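As provided, final-v5.cif (mmCIF, C-alpha atoms) reads as follows.
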```cif
data_model
#
loop_
_atom_site.label_atom_id
_atom_site.label_comp_id
_atom_site.auth_asym_id
_atom_site.auth_seq_id
_atom_site.Cartn_x
_atom_site.Cartn_y
_atom_site.Cartn_z
CA MET O 12 130.50 131.08 63.39
CA GLU O 13 129.31 129.23 66.46
CA THR O 14 129.17 130.54 70.02
CA LEU O 15 129.61 128.03 72.84
CA GLU O 16 129.44 128.40 76.64
CA PHE O 17 130.82 125.95 79.23
CA ARG O 18 131.28 125.83 82.97
CA PHE O 19 133.49 123.23 84.69
CA ASN O 20 134.42 122.68 88.30
CA SER O 21 138.13 123.19 88.83
CA LYS O 22 140.53 123.60 91.72
CA PRO O 23 140.93 127.30 92.63
CA ALA O 24 143.71 129.10 90.73
CA PRO O 25 145.86 131.72 92.48
CA ARG O 26 144.10 135.00 91.70
CA ALA O 27 146.09 137.26 89.35
CA ALA O 28 145.92 141.04 89.19
CA ASP O 29 145.79 141.42 85.43
CA PRO O 30 144.01 139.59 82.62
CA ALA O 31 146.29 137.60 80.31
CA LEU O 32 146.09 137.11 76.55
CA CYS O 33 147.85 134.58 74.41
CA GLY O 34 147.63 133.44 70.81
CA VAL O 35 146.39 135.16 67.67
CA VAL O 36 143.15 134.69 65.71
CA GLY O 37 144.88 133.32 62.61
CA SER O 38 144.33 130.23 60.48
CA GLY O 39 144.58 127.12 62.70
CA ASN O 40 145.20 129.28 65.74
CA LEU O 41 143.15 130.95 68.46
CA GLU O 42 143.41 133.66 71.11
CA ILE O 43 142.61 133.07 74.75
CA LEU O 44 141.83 135.81 77.27
CA VAL O 45 141.92 134.79 80.95
CA LYS O 46 140.22 137.10 83.47
CA PRO O 47 139.37 136.70 87.16
CA GLY O 48 135.82 135.47 87.81
CA MET O 49 133.47 135.39 90.80
CA GLN O 50 133.26 131.63 91.49
CA PRO O 51 136.54 130.37 93.01
CA ASP O 52 135.83 126.68 92.26
CA ALA O 53 134.61 127.01 88.69
CA CYS O 54 136.08 127.85 85.31
CA GLN O 55 133.69 129.60 82.93
CA LEU O 56 134.46 129.51 79.22
CA SER O 57 132.91 131.20 76.20
CA ILE O 58 134.06 130.38 72.69
CA LYS O 59 133.47 131.99 69.33
CA THR O 60 134.67 129.61 66.64
CA SER O 61 134.67 129.72 62.84
CA ALA O 62 134.28 125.92 62.71
CA ARG O 63 130.67 124.83 63.31
CA GLY O 64 129.59 121.51 64.78
CA PHE O 65 132.46 120.76 67.16
CA ALA O 66 130.68 121.41 70.49
CA GLU O 67 131.38 117.87 71.77
CA THR O 68 135.09 118.14 70.94
CA TRP O 69 135.31 121.50 72.73
CA GLN O 70 133.52 120.01 75.74
CA ALA O 71 136.02 117.12 75.91
CA VAL O 72 139.13 119.30 75.45
CA LEU O 73 138.02 122.04 77.88
CA GLY O 74 136.73 119.50 80.44
CA SER O 75 140.07 117.74 80.44
CA PHE O 76 141.86 121.11 80.87
CA ALA O 77 139.64 122.08 83.84
CA ALA O 78 140.22 118.68 85.46
CA SER O 79 143.99 118.66 85.04
CA HIS O 80 144.72 122.33 85.90
CA ALA O 81 143.79 124.57 88.82
CA ALA O 82 141.68 126.94 86.73
CA GLY O 83 138.94 127.75 89.27
CA GLY O 84 138.00 131.41 89.63
CA THR O 85 138.73 132.26 86.02
CA VAL O 86 136.60 133.46 83.15
CA ILE O 87 138.10 132.43 79.82
CA ALA O 88 137.09 133.90 76.47
CA ILE O 89 138.27 132.31 73.22
CA ASN O 90 138.24 133.51 69.61
CA ASP O 91 139.03 130.53 67.40
CA MET O 92 139.93 130.22 63.72
CA GLY O 93 139.94 126.44 63.40
CA ALA O 94 142.65 125.41 65.90
CA THR O 95 143.09 121.66 66.41
CA PRO O 96 142.42 120.12 69.86
CA ALA O 97 146.18 119.78 70.45
CA VAL O 98 146.73 123.50 69.77
CA VAL O 99 143.78 124.42 72.00
CA THR O 100 145.19 122.30 74.85
CA LEU O 101 148.66 123.86 74.57
CA ARG O 102 147.31 127.43 74.32
CA LEU O 103 145.06 126.93 77.37
CA ALA O 104 148.03 125.80 79.46
CA GLN O 105 150.09 128.72 78.13
CA ALA O 106 147.32 131.25 78.83
CA LEU O 107 146.82 130.02 82.38
CA ALA O 108 150.58 130.11 83.05
CA GLU O 109 150.75 133.68 81.72
CA TYR O 110 147.74 134.67 83.84
CA GLN O 111 149.66 133.44 86.87
CA GLY O 112 152.75 135.34 85.71
CA GLY O 113 154.91 132.33 84.95
CA ALA O 114 155.00 131.89 81.17
CA ARG O 115 158.10 133.93 80.48
CA MET J 25 178.24 133.99 63.10
CA ILE J 26 176.46 130.88 64.37
CA ALA J 27 176.14 132.33 67.86
CA SER J 28 174.73 135.60 66.54
CA LEU J 29 172.17 133.73 64.43
CA ALA J 30 171.11 131.67 67.43
CA SER J 31 170.56 134.77 69.55
CA ARG J 32 168.51 136.49 66.85
CA HIS J 33 164.76 136.91 67.32
CA SER J 34 163.09 137.18 63.93
CA TRP J 35 160.84 140.22 63.48
CA PHE J 36 159.14 138.47 60.54
CA GLU J 37 158.11 135.44 62.63
CA ALA J 38 157.11 137.34 65.80
CA THR J 39 153.59 138.41 66.76
CA ALA J 40 152.81 142.12 67.18
CA ARG J 41 153.02 141.76 70.97
CA ALA J 42 156.36 139.92 70.82
CA ARG J 43 157.77 142.67 68.55
CA LEU J 44 156.74 145.36 71.04
CA ALA J 45 158.13 143.38 73.97
CA GLY J 46 161.55 143.25 72.29
CA LEU J 47 161.45 146.76 70.82
CA LEU J 48 160.67 148.82 73.93
CA ASP J 49 162.76 149.14 77.09
CA PRO J 50 162.08 146.10 79.30
CA GLY J 51 159.06 146.65 81.56
CA SER J 52 158.06 149.96 79.91
CA PHE J 53 155.21 148.55 77.74
CA SER J 54 151.90 150.01 78.87
CA GLU J 55 148.95 149.12 76.66
CA ILE J 56 146.11 151.55 75.96
CA LEU J 57 142.76 149.76 75.53
CA PRO J 58 144.10 146.27 76.38
CA PRO J 59 142.19 143.21 75.07
CA ALA J 60 140.01 142.91 78.17
CA GLU J 61 138.76 146.51 77.70
CA SER J 62 138.62 146.68 73.90
CA THR J 63 135.76 145.59 71.62
CA PRO J 64 136.02 143.11 68.73
CA SER J 65 134.78 144.31 65.34
CA PRO J 66 130.96 144.46 65.12
CA HIS J 67 131.22 144.24 61.31
CA LEU J 68 133.00 140.85 61.41
CA ALA J 69 130.42 139.57 63.92
CA ARG J 70 127.64 140.58 61.51
CA LEU J 71 129.39 138.56 58.79
CA ASP J 72 129.53 135.61 61.21
CA LEU J 73 133.35 135.76 61.50
CA PRO J 74 135.23 135.57 64.80
CA GLY J 75 136.94 138.85 65.71
CA ALA J 76 140.01 139.53 67.82
CA PHE J 77 139.75 141.18 71.25
CA ASP J 78 142.19 143.94 70.19
CA ASP J 79 140.89 144.05 66.57
CA GLY J 80 144.37 143.19 65.33
CA VAL J 81 146.32 146.19 66.60
CA VAL J 82 148.14 146.99 69.84
CA VAL J 83 148.52 150.66 70.86
CA CYS J 84 150.71 151.58 73.80
CA HIS J 85 153.11 153.96 75.39
CA GLY J 86 156.56 152.96 76.54
CA GLN J 87 160.16 153.95 76.41
CA LEU J 88 162.93 153.55 73.84
CA GLU J 89 166.34 154.02 75.46
CA LYS J 90 164.50 156.03 78.17
CA ARG J 91 162.73 158.33 75.67
CA PRO J 92 158.96 158.41 76.25
CA ILE J 93 157.33 157.23 73.03
CA PHE J 94 154.08 155.82 71.73
CA ALA J 95 153.85 152.71 69.55
CA ILE J 96 151.34 151.03 67.27
CA ALA J 97 151.75 147.36 66.26
CA GLN J 98 149.55 145.66 63.67
CA GLU J 99 149.05 141.89 63.93
CA GLY J 100 149.59 140.49 60.45
CA GLN J 101 148.32 137.03 61.39
CA PHE J 102 144.82 138.38 62.12
CA MET J 103 143.06 139.03 58.78
CA GLY J 104 146.32 140.08 57.14
CA GLY J 105 146.68 143.06 59.48
CA ALA J 106 143.84 144.70 57.59
CA VAL J 107 142.43 147.99 58.87
CA GLY J 108 138.84 147.87 60.11
CA GLU J 109 136.85 150.55 61.90
CA ILE J 110 137.97 149.84 65.49
CA HIS J 111 141.51 148.96 64.39
CA GLY J 112 141.74 152.33 62.62
CA ALA J 113 140.14 154.28 65.46
CA LYS J 114 142.73 152.91 67.90
CA ILE J 115 145.56 154.06 65.62
CA VAL J 116 144.07 157.53 65.05
CA GLY J 117 143.40 158.00 68.78
CA LEU J 118 146.97 157.00 69.62
CA LEU J 119 148.45 159.44 67.07
CA ARG J 120 146.29 162.28 68.40
CA ARG J 121 147.29 161.51 71.98
CA ALA J 122 150.96 161.48 71.00
CA VAL J 123 150.48 165.04 69.69
CA GLN J 124 148.70 166.16 72.88
CA GLU J 125 151.43 164.71 75.07
CA LYS J 126 154.24 165.93 72.76
CA ALA J 127 155.73 162.44 72.59
CA ALA J 128 159.35 162.06 71.44
CA ALA J 129 158.10 159.80 68.64
CA VAL J 130 155.50 157.31 67.47
CA LEU J 131 156.83 153.96 66.26
CA PHE J 132 154.37 152.44 63.76
CA LEU J 133 154.95 148.68 63.35
CA ILE J 134 153.14 148.20 60.04
CA ASP J 135 152.17 144.65 58.98
CA SER J 136 149.12 145.01 56.77
CA GLY J 137 147.61 144.37 53.37
CA GLY J 138 145.62 147.61 53.70
CA VAL J 139 141.92 148.19 54.20
CA ARG J 140 139.76 145.37 55.66
CA LEU J 141 137.40 144.85 52.76
CA HIS J 142 134.78 143.19 55.02
CA GLU J 143 134.23 146.59 56.60
CA ALA J 144 133.93 148.43 53.29
CA ASN J 145 133.49 152.18 53.73
CA ALA J 146 134.24 152.12 57.46
CA GLY J 147 137.65 150.61 56.69
CA LEU J 148 138.35 153.07 53.86
CA ILE J 149 137.44 156.02 56.08
CA ALA J 150 139.66 154.59 58.83
CA ILE J 151 142.64 154.52 56.44
CA SER J 152 142.09 158.13 55.33
CA GLU J 153 141.80 159.23 58.99
CA ILE J 154 145.10 157.47 59.74
CA MET J 155 146.75 159.34 56.85
CA ARG J 156 145.53 162.68 58.18
CA ALA J 157 146.56 161.81 61.76
CA VAL J 158 150.09 160.85 60.64
CA LEU J 159 150.51 164.16 58.81
CA ASP J 160 149.05 166.08 61.79
CA ALA J 161 151.54 164.39 64.14
CA ARG J 162 154.46 165.29 61.86
CA ALA J 163 153.19 168.87 61.51
CA ALA J 164 153.11 169.08 65.33
CA GLY J 165 156.75 167.99 65.49
CA VAL J 166 156.15 164.37 66.54
CA PRO J 167 158.11 162.07 64.20
CA VAL J 168 156.26 158.93 63.08
CA ILE J 169 158.68 156.14 62.19
CA ALA J 170 157.36 153.17 60.20
CA LEU J 171 158.93 149.76 60.90
CA VAL J 172 158.23 147.29 58.07
CA GLY J 173 159.38 143.68 58.27
CA GLY J 174 156.31 141.52 58.86
CA SER J 175 154.83 138.79 56.66
CA CYS J 176 152.12 141.07 55.23
CA GLY J 177 154.48 143.95 54.42
CA ALA J 178 152.86 147.36 53.88
CA PHE J 179 150.39 147.29 50.99
CA GLY J 180 147.30 149.11 49.80
CA GLY J 181 146.28 152.01 52.00
CA MET J 182 148.94 151.04 54.53
CA GLY J 183 151.59 151.32 51.81
CA ILE J 184 150.50 154.94 51.41
CA VAL J 185 150.47 155.46 55.18
CA ALA J 186 154.04 154.09 55.38
CA LYS J 187 155.20 156.63 52.82
CA LEU J 188 153.46 159.44 54.75
CA CYS J 189 155.54 158.65 57.84
CA SER J 190 158.68 160.63 58.68
CA ALA J 191 160.92 157.68 57.76
CA ILE J 192 160.75 153.94 57.12
CA ILE J 193 163.00 151.27 58.61
CA ILE J 194 162.74 148.04 56.60
CA SER J 195 164.28 144.56 56.61
CA GLU J 196 165.06 142.46 53.56
CA GLU J 197 161.95 140.41 54.38
CA GLY J 198 159.76 143.54 54.49
CA ARG J 199 157.76 144.61 51.46
CA LEU J 200 156.31 147.97 50.51
CA ALA J 201 154.02 148.78 47.58
CA LEU J 202 150.54 149.95 46.68
CA SER J 203 148.69 147.12 44.90
CA GLY J 204 149.70 143.68 46.15
CA PRO J 205 151.17 141.11 43.72
CA GLU J 206 147.99 139.00 43.59
CA VAL J 207 145.89 142.09 42.91
CA ILE J 208 148.11 143.12 39.98
CA GLU J 209 148.04 139.60 38.55
CA THR J 210 144.25 139.38 38.89
CA VAL J 211 143.63 142.74 37.28
CA ALA J 212 146.34 142.84 34.59
CA GLY J 213 147.16 139.17 33.98
CA VAL J 214 150.04 136.86 34.79
CA GLU J 215 152.02 138.26 31.81
CA GLU J 216 152.08 141.61 33.61
CA PHE J 217 153.13 140.25 37.00
CA ASP J 218 153.53 136.67 38.22
CA SER J 219 152.62 136.77 41.92
CA LYS J 220 153.80 133.13 42.37
CA ASP J 221 157.36 134.17 41.45
CA ARG J 222 158.40 135.12 44.96
CA ALA J 223 161.92 136.15 43.96
CA LEU J 224 160.39 138.60 41.45
CA VAL J 225 157.91 139.86 44.07
CA TRP J 226 160.82 140.65 46.42
CA ARG J 227 162.93 142.20 43.62
CA VAL J 228 160.07 144.60 42.93
CA THR J 229 158.57 145.25 46.40
CA GLY J 230 161.11 143.90 48.91
CA GLY J 231 163.23 145.71 51.48
CA LYS J 232 166.48 145.66 49.50
CA HIS J 233 164.81 147.21 46.45
CA ARG J 234 163.07 149.88 48.53
CA TYR J 235 166.33 150.71 50.27
CA LEU J 236 168.30 151.01 47.00
CA MET J 237 165.56 153.24 45.55
CA GLY J 238 165.80 155.57 48.55
CA ASP J 239 162.22 154.83 49.69
CA CYS J 240 163.43 153.71 53.12
CA ALA J 241 165.82 155.50 55.44
CA MET J 242 167.38 152.36 56.84
CA LEU J 243 167.82 148.66 56.03
CA VAL J 244 168.15 146.37 59.07
CA GLU J 245 168.50 142.63 59.69
CA ASP J 246 165.35 140.56 60.36
CA ASP J 247 165.99 140.85 64.09
CA ILE J 248 163.91 142.60 66.77
CA ALA J 249 167.09 143.99 68.36
CA ALA J 250 168.20 145.40 64.98
CA PHE J 251 164.88 147.27 64.60
CA ARG J 252 165.31 148.58 68.15
CA SER J 253 168.83 149.89 67.56
CA GLY J 254 167.81 151.23 64.15
CA ALA J 255 164.89 153.21 65.61
CA THR J 256 167.10 154.51 68.42
CA GLU J 257 169.78 155.62 65.95
CA LEU J 258 167.26 157.32 63.67
CA LEU J 259 165.60 159.23 66.52
CA THR J 260 168.87 160.46 68.02
CA GLY J 261 169.04 164.10 66.95
CA TRP J 262 166.04 163.66 64.61
CA THR J 263 164.88 166.78 62.80
CA GLU J 264 162.58 167.14 59.81
CA PRO J 265 161.12 170.17 58.08
CA ALA J 266 157.40 170.67 58.77
CA PRO J 267 155.28 169.31 55.89
CA SER J 268 154.80 172.04 53.31
CA VAL J 269 153.35 172.44 49.83
CA ALA J 270 156.82 173.23 48.47
CA ASN J 271 158.21 169.96 49.84
CA LEU J 272 155.26 168.02 48.44
CA ARG J 273 155.81 169.59 45.00
CA ALA J 274 159.50 168.65 45.13
CA SER J 275 158.60 165.03 46.05
CA GLN J 276 156.05 164.95 43.26
CA GLN J 277 158.67 166.16 40.79
CA ALA J 278 161.13 163.50 41.96
CA LEU J 279 158.46 160.82 41.48
CA GLU J 280 157.77 162.06 37.96
CA TYR J 281 161.47 161.83 37.08
CA ARG J 282 161.52 158.35 38.57
CA LEU J 283 158.56 157.26 36.49
CA ALA J 284 160.22 158.63 33.34
CA ASP J 285 163.49 156.83 34.17
CA TYR J 286 162.20 153.41 35.21
CA ALA J 287 158.62 152.90 33.99
CA ALA J 288 159.70 150.71 31.06
CA TYR J 289 161.53 148.18 33.26
CA ARG J 290 159.97 144.85 34.22
CA ASP J 291 162.20 143.75 37.08
CA GLY J 292 164.25 145.12 39.98
CA LEU J 293 167.38 143.76 38.28
CA GLN J 294 166.95 146.27 35.42
CA VAL J 295 166.25 149.13 37.82
CA TRP J 296 169.36 148.35 39.90
CA ALA J 297 171.51 148.30 36.76
CA ALA J 298 170.09 151.71 35.81
CA LEU J 299 170.86 152.96 39.35
CA GLY J 300 174.51 152.13 38.71
CA VAL J 301 174.81 148.76 40.45
CA ALA J 302 177.64 146.98 38.62
CA GLU J 303 176.43 143.42 39.28
CA PRO J 304 172.67 143.53 39.90
CA ASP J 305 172.43 139.69 39.84
CA THR J 306 174.38 139.55 43.13
CA VAL J 307 172.03 141.88 45.05
CA PRO J 308 169.53 139.22 46.24
CA LEU J 309 172.37 137.32 47.95
CA LEU J 310 174.11 140.28 49.61
CA ASP J 311 173.91 140.56 53.39
CA ARG J 312 172.67 143.72 55.10
CA ASP J 313 176.09 145.35 55.65
CA SER J 314 177.13 144.76 52.02
CA MET J 315 173.83 146.33 50.90
CA VAL J 316 174.52 149.45 52.96
CA ALA J 317 178.04 149.67 51.47
CA LEU J 318 176.60 149.19 47.96
CA LYS J 319 173.97 151.89 48.48
CA GLU J 320 176.52 154.35 49.86
CA GLY J 321 178.77 153.76 46.85
CA LEU J 322 176.04 154.45 44.27
CA PRO J 323 176.19 157.60 42.13
CA THR J 324 173.65 160.14 43.38
#
```

Rewrite the structure of this file - the entire thing - as structure tokens.
Amino acid sequence: METLEFRFNSKPAPRAADPALCGVVGSGNLEILVKPGMQPDACQLSIKTSARGFAETWQAVLGSFAASHAAGGTVIAINDMGATPAVVTLRLAQALAEYQGGAR
Amino acid sequence: MIASLASRHSWFEATARARLAGLLDPGSFSEILPPAESTPSPHLARLDLPGAFDDGVVVCHGQLEKRPIFAIAQEGQFMGGAVGEIHGAKIVGLLRRAVQEKAAAVLFLIDSGGVRLHEANAGLIAISEIMRAVLDARAAGVPVIALVGGSCGAFGGMGIVAKLCSAIIISEEGRLALSGPEVIETVAGVEEFDSKDRALVWRVTGGKHRYLMGDCAMLVEDDIAAFRSGATELLTGWTEPAPSVANLRASQQALEYRLADYAAYRDGLQVWAALGVAEPDTVPLLDRDSMVALKEGLPT
């Protein structure tokens, strides 16, 4: 297992009342927990992943997410069981939408 | 029929949270120890494996057709729904709270291969505590209804827990047994049981077989709404005698007769023929309603 931490600047997200969870820690999948954070213009991420040696890929995928979404003011925790970058990107968008109450 | 298939939401395919969302009255789901407040398994972390925030089980209170109930939902996609220390503690705590609050029922959405072997003794103890808590809830007059229809079925210790519940609702896709097919094959050889033969696995452990044998109170379609209406129907006017030694002895006797009657058979097909099913070969293709009619027409 590898533990990774990132922080990206991102446009402020509307603050939600409740944390949101999406996904399951299963093979090729991951779970993402979005909680409110203290810095309104930054997105803080911590990842525990079963696949070692992919820090650069995570940095690219998460950086692109933070740049293309208003995810500022969130703290995002991820438990990963070998999800591909495409799955990670989709789950992040889904988790943020659920955090803002719009996924259903 | 096409329209009804399109509107169906598969229980088998759904996550634990999606099952609860469709099972309970809309808006009534209220999670106890939600992911942001729960702790992932310290044992998995020590083995360098990523955990899940909720340790693979959701415990909650909610309503079923306006009845206040508690519910437990295991997530089969996380480590096969296996029971670890925190996972088990959440279940036991929920069952005890249901007793304290005299809940109308506990719905137990089982989807598990049994004990989480990574957690060794802590997982085994968790399973035995769940067994005791289920029996305590029933003794206190709180029915515990098992709902089995997930991809992991109910195996190992969770197979025992399922049978300790007040009643089981199962779908054709659901499975219920003690040792899993791969375990039997590994221990006793492929001649004893071929775990790759999925049709055989379902004829021996699957929902239709369990329903015909009388192990499950109800057979429902693989549909979240069908589990919801099944649970509602079962709980309407529910009564059960308090667990007693006399009842346990009677169950034990029935199991001994069953062993004497069927132990020599190798396949569900033979057992169904012995039960009085005229055309056992047709059973795997029967739909749910035909199965119920078949079961009700069997000699008792």

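Around the point (157.4, 138.7, 71.8), within 12 Å and counting only C-alpha atoms, we find these residues: Cys33, Gly34, Ala114 and Arg115 of chain O; His33, Ser34, Trp35, Phe36, Glu37, Ala38, Thr39, Ala40, Arg41, Ala42, Arg43, Leu44, Ala45, Gly46, Leu47, Leu48, Pro50, Phe53, Ala97, Glu99, Asp247, Ile248 and Ala249 of chain J.
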
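The chain O residues that come within 6 Å of chain J are Met12, Val36 and Gly37 of chain O, with all atoms listed in the file taken into account.
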
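Counting from CA of Pro323 (chain J), the distance to CA of Cys240 (chain J) is 17.3 Å.
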
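Rounded to one decimal, CA of Arg252 (chain J) and CA of Ser31 (chain J) lie 14.8 Å from each other.
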
Residues matched by the PyMOL selection byres ((chain O and resi 42-56) around 10) as a ChimeraX atom specification: /O:15-37,40-41,57-58,73-74,76-77,81-92,94,99,102-103,105-107,109-111 /J:59-60,75-77

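Between CA of Ser203 (chain J) and CA of Leu293 (chain J) lies a distance of 20.1 Å.
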
Taking the point (160.6, 164.6, 73.6) as given in the file, collect each protein or nucleic acid residue that comes within 10 Å of it, counting all atoms listed in the file, and present the set as a PyMOL selection string. chain J and resi 91-93+125-129+165-166

Selection near Met237 (chain J), 10 Å with only C-alpha atoms, sequence-local residues under 5 positions removed, as a PyMOL selection string: chain J and resi 231-232+282+292+295-296+299+319

I need the residues from that last selection saved to file as an mmCIF file, in the frame of the given file (with C-alpha atoms), if you can.
```cif
data_model
loop_
_atom_site.group_PDB
_atom_site.id
_atom_site.type_symbol
_atom_site.label_atom_id
_atom_site.label_comp_id
_atom_site.auth_asym_id
_atom_site.auth_seq_id
_atom_site.Cartn_x
_atom_site.Cartn_y
_atom_site.Cartn_z
ATOM 1 C CA GLY J 231 163.230 145.710 51.480
ATOM 2 C CA LYS J 232 166.480 145.660 49.500
ATOM 3 C CA ARG J 282 161.520 158.350 38.570
ATOM 4 C CA GLY J 292 164.250 145.120 39.980
ATOM 5 C CA VAL J 295 166.250 149.130 37.820
ATOM 6 C CA TRP J 296 169.360 148.350 39.900
ATOM 7 C CA LEU J 299 170.860 152.960 39.350
ATOM 8 C CA LYS J 319 173.970 151.890 48.480
#
```

Kindly compute an axis-aligned box around the listed atoms of region 114-123 of chain J, allowing 5 Å on each side, and express its centre and edge lengths in Å to one decimal as AutoDock Vina command-line options.
```
--center_x 146.8 --center_y 159.0 --center_z 68.5 --size_x 18.2 --size_y 22.1 --size_z 16.9
```

Extract, using only C-alpha atoms, all DNA, RNA and protein residues at most 10 Å from region 113-121 of chain J, discarding same-chain residues fewer than 2 positions from it, and format them as an NGL selection string. :J and (56-57 or 62 or 78-79 or 81-85 or 94-98 or 107-111 or 123-127 or 129-130 or 132 or 147 or 149-162 or 166 or 168)

Run the PyMOL selection byres ((chain J and resi 260-268) around 9) on the file and write out the hits as a ChimeraX atom specification. /J:159,162-165,167,190,255-259,269-273

Written record: region 302-308 of chain J, all heavy atoms, as a PDB file, in the first residue's frame:
```pdb
ATOM      1  N   ALA J 302     -42.176 -33.292  -9.848  1.00  0.00           N
ATOM      2  CA  ALA J 302     -42.373 -34.251 -10.939  1.00  0.00           C
ATOM      3  C   ALA J 302     -41.299 -34.118 -12.018  1.00  0.00           C
ATOM      4  O   ALA J 302     -40.777 -35.115 -12.522  1.00  0.00           O
ATOM      5  CB  ALA J 302     -43.766 -34.074 -11.536  1.00  0.00           C
ATOM      6  N   GLU J 303     -40.970 -32.864 -12.375  1.00  0.00           N
ATOM      7  CA  GLU J 303     -39.959 -32.651 -13.422  1.00  0.00           C
ATOM      8  C   GLU J 303     -38.831 -31.768 -12.891  1.00  0.00           C
ATOM      9  O   GLU J 303     -38.782 -30.573 -13.191  1.00  0.00           O
ATOM     10  CB  GLU J 303     -40.600 -31.981 -14.637  1.00  0.00           C
ATOM     11  CG  GLU J 303     -41.649 -32.830 -15.325  1.00  0.00           C
ATOM     12  CD  GLU J 303     -42.310 -32.067 -16.459  1.00  0.00           C
ATOM     13  OE1 GLU J 303     -41.749 -32.087 -17.561  1.00  0.00           O
ATOM     14  OE2 GLU J 303     -43.346 -31.431 -16.228  1.00  0.00           O
ATOM     15  N   PRO J 304     -37.913 -32.350 -12.132  1.00  0.00           N
ATOM     16  CA  PRO J 304     -36.852 -31.535 -11.524  1.00  0.00           C
ATOM     17  C   PRO J 304     -35.999 -30.787 -12.548  1.00  0.00           C
ATOM     18  O   PRO J 304     -35.514 -29.690 -12.255  1.00  0.00           O
ATOM     19  CB  PRO J 304     -36.012 -32.553 -10.737  1.00  0.00           C
ATOM     20  CG  PRO J 304     -36.554 -33.895 -11.036  1.00  0.00           C
ATOM     21  CD  PRO J 304     -37.854 -33.758 -11.716  1.00  0.00           C
ATOM     22  N   ASP J 305     -35.829 -31.367 -13.767  1.00  0.00           N
ATOM     23  CA  ASP J 305     -35.005 -30.706 -14.789  1.00  0.00           C
ATOM     24  C   ASP J 305     -35.514 -29.316 -15.151  1.00  0.00           C
ATOM     25  O   ASP J 305     -34.752 -28.470 -15.624  1.00  0.00           O
ATOM     26  CB  ASP J 305     -34.978 -31.553 -16.071  1.00  0.00           C
ATOM     27  CG  ASP J 305     -34.183 -32.828 -15.887  1.00  0.00           C
ATOM     28  OD1 ASP J 305     -33.379 -32.870 -14.920  1.00  0.00           O
ATOM     29  OD2 ASP J 305     -34.373 -33.768 -16.669  1.00  0.00           O
ATOM     30  N   THR J 306     -36.822 -29.074 -14.952  1.00  0.00           N
ATOM     31  CA  THR J 306     -37.398 -27.793 -15.376  1.00  0.00           C
ATOM     32  C   THR J 306     -37.202 -26.695 -14.328  1.00  0.00           C
ATOM     33  O   THR J 306     -37.382 -25.516 -14.625  1.00  0.00           O
ATOM     34  CB  THR J 306     -38.904 -27.927 -15.650  1.00  0.00           C
ATOM     35  OG1 THR J 306     -39.554 -28.291 -14.414  1.00  0.00           O
ATOM     36  CG2 THR J 306     -39.194 -28.997 -16.692  1.00  0.00           C
ATOM     37  N   VAL J 307     -36.839 -27.098 -13.095  1.00  0.00           N
ATOM     38  CA  VAL J 307     -36.771 -26.110 -11.994  1.00  0.00           C
ATOM     39  C   VAL J 307     -35.852 -24.924 -12.289  1.00  0.00           C
ATOM     40  O   VAL J 307     -36.233 -23.769 -12.073  1.00  0.00           O
ATOM     41  CB  VAL J 307     -36.390 -26.809 -10.659  1.00  0.00           C
ATOM     42  CG1 VAL J 307     -36.002 -25.793  -9.593  1.00  0.00           C
ATOM     43  CG2 VAL J 307     -37.545 -27.670 -10.176  1.00  0.00           C
ATOM     44  N   PRO J 308     -34.617 -25.171 -12.812  1.00  0.00           N
ATOM     45  CA  PRO J 308     -33.723 -24.015 -13.027  1.00  0.00           C
ATOM     46  C   PRO J 308     -34.299 -22.957 -13.970  1.00  0.00           C
ATOM     47  O   PRO J 308     -33.861 -21.805 -13.931  1.00  0.00           O
ATOM     48  CB  PRO J 308     -32.461 -24.650 -13.619  1.00  0.00           C
ATOM     49  CG  PRO J 308     -32.461 -26.048 -13.080  1.00  0.00           C
ATOM     50  CD  PRO J 308     -33.912 -26.443 -13.057  1.00  0.00           C
TER      51      PRO J 308
END
```
